[in-house]
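> Shown below is the structure under consideration.
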Amino acid sequence: MSQYVVLIADALSPHAAEVLTRDGSVEVRHVDGTDRPTLLAALAGADAVLVRSATRIDAEALAAAPRLKVVARAGVGLDNVDVTAATAAGVLVANAPASNVVSAAEHAVALLLALARHVPQAHAALRDGRWARSSFTGVELAGKTLGVLGLGRIGSLVARRLAAFDMEVIAYDPYADEEHAHALGVRLTGLDELLARARFLTVHLPLTEGTAGLIGSDALRRVRPDLRIVNAARGGIVDEQELYAALKEGRIAGAALDVYAQEPCTDSPLFELDNVIATPHLGASTPEAQERAGTQAAESVLLALTGMPVPEAVNAPLVSCVPDAVDAPLESPVHAL
Ligand SMILES: NC(=O)c1ccc[n+]([C@@H]2O[C@H](COP(=O)([O-])OP(=O)(O)OC[C@H]3O[C@@H](n4cnc5c(N)ncnc54)[C@H](O)[C@@H]3O)[C@@H](O)[C@H]2O)c1
Ligand SMILES: O=C(O)CC[C@@H](O)C(=O)O
């Protein structure tokens with residue numbers, strides 16, 4: 001008989017369940033974590049729960065889980081887990097902080113290029129039978145200033161990739177290291193300069209009390225009218241109502257969004273604007289990222305439950321695709337106890 005019950009509450013790579021059941025001590029139960037009554041009932045008998053971004057592990061969920069020892073987030077952002085409440089309850093919280101950063105960075109770059117050249121709009125027009133070349137004149141990236149908000153793992157990967165497009169890259173991140181920025185060819189600036197100068201702005205911050213609404217009414221009145229904004233970090237960092245107003249009034253030129261204040265989000269006034277392109281939180285949606293995220297989250301659960309060490313091999317493929325300079329200054333996957 002298995003010693004531990006582990007819930008998988010969001011759709012994870014099958015590798016997660018494979019890792020968890022490896023030594024026979026764990027019974028895996030799959031539940032739909034977005035169905036609240038089902039989640040709360042299942043948590044009653046759970047020793048651990050693995051989530052992506054859809055399932056909320058808040059104080060109510062923690063209170064329903066008397067046996068819970070660990071919450072593992074198969075990805076980066078921990079805004080769907082109440083880390084403070086978990087810590088108070090003696091529940092360990094782990095994430096997989098570098099698992100999906102390459103995928104997320106590539107998606108941000110894809111959105112930025114698509115925004116610059118109206119790719120989704122031109123594709124849609126052609127499918128409608130319209131050869132509307134003059135409607136879709138774009139802009140070059142070369143020589144333009146890219147402002148990176150948050151020069152952590154993903155911001156650094158995006159900066160490096162877009163520097164290769166001959167963009168001038170500046171970044172605002174009060175915690176970033178000058179040498180790290182310099183090695184990437186990035187100049188650190190204050191927020192005021194970044195807002196005033198950027199032709200493209202890409203957001204790579206965590207959602208916290210300090211970053212919620214950072215790009216709001218005030219910031220959006222200090223930018224150039226030809227600014228294009230990409231947010232593939234978290235909804236709510238860019239205020240959606242203020243973004244709508246800025247786009248509608250021609251105070252900025254366009255926006256590309258992967259994330260929303262409320263998700264799922266299928267009905268936003270922003271989707272009606274011609275200069276907005278949008279994807280449904282796809283930054284981490286590649287098999288490569290999901291395999292790493294699921295595997296690393298499962299390894300963290302096993303480590304927390306059984307004390308079984310994490311094999312080196314699990315981390316090896318990822319380290320080889322994330323530059324040392326990006327990997328170095330960041331915290332360990334186990335976030336809080
Ligand atoms: N779209 C997706 O699918 C997807 C995938 C992965 C991550 N994300 C989001 O991207 C975010 C960033 O991920 P990461 O791996 O780069 O995180 P990270 O922790 O490596 O980097 C975040 C950076 O933001 C900086 N920062 C924090 N507060 C700031 C502030 N007020 N002003 C300026 N800089 C500030 C930090 O110093 C850090 O360098 C995650 O928190 C997550 O929400 C989205
Ligand atoms: O699980 C996902 O697909 C989203 C993950 C991403 O937003 C993250 O923060 O890691």
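Chain labels A, B, ... are given in the sequence in which chains occur in the structure tokens; within each chain residues are numbered consecutively from 1, and ligands are likewise numbered from 1 in the order shown.
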I'd like a table as a Markdown table: residues in chain A with an atom no more than 6 Å from ligand 1, each row giving the shortest atom pair and its distance in Å to one decimal, only C-alpha atoms and all ligand atoms counted, sorted by chain and rising residue number.


```
| residue | atom | partner | partner_atom_place_in_ligand_line | distance |
| --- | --- | --- | --- | --- |
| A:Val76 | CA | ligand 1 | 7 (C) | 5.0 |
| A:Gly77 | CA | ligand 1 | 42 (C) | 4.0 |
| A:Asn100 | CA | ligand 1 | 6 (C) | 5.8 |
| A:Val101 | CA | ligand 1 | 6 (C) | 5.6 |
| A:Ala104 | CA | ligand 1 | 5 (C) | 4.8 |
| A:Leu149 | CA | ligand 1 | 33 (C) | 5.8 |
| A:Gly150 | CA | ligand 1 | 24 (O) | 3.7 |
| A:Leu151 | CA | ligand 1 | 39 (O) | 4.6 |
| A:Gly152 | CA | ligand 1 | 21 (O) | 3.3 |
| A:Arg153 | CA | ligand 1 | 20 (O) | 3.8 |
| A:Ile154 | CA | ligand 1 | 16 (O) | 3.7 |
| A:Gly155 | CA | ligand 1 | 16 (O) | 5.4 |
| A:Tyr172 | CA | ligand 1 | 33 (C) | 5.6 |
| A:Asp173 | CA | ligand 1 | 34 (N) | 3.7 |
| A:Pro174 | CA | ligand 1 | 33 (C) | 5.7 |
| A:Tyr175 | CA | ligand 1 | 37 (O) | 4.3 |
| A:Ala176 | CA | ligand 1 | 37 (O) | 5.6 |
| A:His204 | CA | ligand 1 | 12 (C) | 4.6 |
| A:Leu205 | CA | ligand 1 | 24 (O) | 4.2 |
| A:Pro206 | CA | ligand 1 | 41 (O) | 3.3 |
| A:Leu207 | CA | ligand 1 | 43 (O) | 6.0 |
| A:Gly210 | CA | ligand 1 | 31 (N) | 5.3 |
| A:Thr211 | CA | ligand 1 | 31 (N) | 5.0 |
| A:Ala232 | CA | ligand 1 | 1 (N) | 4.4 |
| A:Ala233 | CA | ligand 1 | 9 (C) | 3.8 |
| A:Arg234 | CA | ligand 1 | 43 (O) | 5.0 |
| A:Asp258 | CA | ligand 1 | 1 (N) | 5.8 |
| A:His281 | CA | ligand 1 | 1 (N) | 5.3 |
| A:Leu282 | CA | ligand 1 | 3 (O) | 5.3 |
| A:Gly283 | CA | ligand 1 | 3 (O) | 3.3 |
| A:Ala284 | CA | ligand 1 | 3 (O) | 4.2 |
```

> Per DSSP on the backbone, filter stretch 11-58 of chain A down to the residues in strand (DSSP E or B) and report them as a PyMOL selection string.

chain A and resi 26-30+48-51+57

> Using DSSP on the backbone coordinates, identify all residues within stretch 44-94 of chain A classified as helix (DSSP H, G or I); present the result as JSON, numbers by chain.

{"A": [59, 60, 61, 62, 63, 83, 84, 85, 86, 87, 88]}

> Convert the current residue selection to file output with C-alpha atoms, as a PDB file, in the first residue's frame.


```
ATOM      1  CA  ALA A  59      -5.860  29.744   2.813  1.00  0.00           C
ATOM      2  CA  GLU A  60      -9.197  27.965   2.309  1.00  0.00           C
ATOM      3  CA  ALA A  61      -7.559  25.157   0.323  1.00  0.00           C
ATOM      4  CA  LEU A  62      -4.796  24.824   2.922  1.00  0.00           C
ATOM      5  CA  ALA A  63      -7.343  24.654   5.738  1.00  0.00           C
ATOM      6  CA  VAL A  83       2.969  31.158   0.298  1.00  0.00           C
ATOM      7  CA  THR A  84       2.458  33.075   3.556  1.00  0.00           C
ATOM      8  CA  ALA A  85      -0.529  30.927   4.586  1.00  0.00           C
ATOM      9  CA  ALA A  86       1.335  27.767   3.552  1.00  0.00           C
ATOM     10  CA  THR A  87       4.380  28.762   5.587  1.00  0.00           C
ATOM     11  CA  ALA A  88       2.193  29.497   8.615  1.00  0.00           C
TER      12      ALA A  88
END
```

> Taking only C-alpha atoms into account, which of A:Leu194, A:Leu50, A:Ile229, A:Ala122 comes nearest A:Ala96?

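Checking each of A:Leu194, A:Leu50, A:Ile229, A:Ala122 against A:Ala96, counting only C-alpha atoms, the winner is A:Leu50.
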
> List as an MDAnalysis selection string the protein and nucleic acid residues near stretch 4-13 of chain A, meaning an atom at most 9 Å away when only C-alpha atoms are counted, but skip any in the same chain fewer than 6 places from it.

chainID A and resid 20 25:34 39 42:43 45:55 74 287 290:295 301 305

> Identify which of the residues A:Met1, A:Val19, A:Val81, A:Leu146 lies closest to ligand 2, counting only C-alpha atoms and all ligand atoms when measuring atom-to-atom distances.

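The shortest atom-to-atom distance to ligand 2 comes from A:Val81.
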
> Go through A:Ala159, A:Ala245, A:Ala105, A:Ile252 one by one, measure the shortest atom-to-atom distance of each to ligand 2 using only C-alpha atoms and all ligand atoms, and give the residue with the smallest value.

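Using only C-alpha atoms and all ligand atoms, ligand 2 sits closest to A:Ala105.
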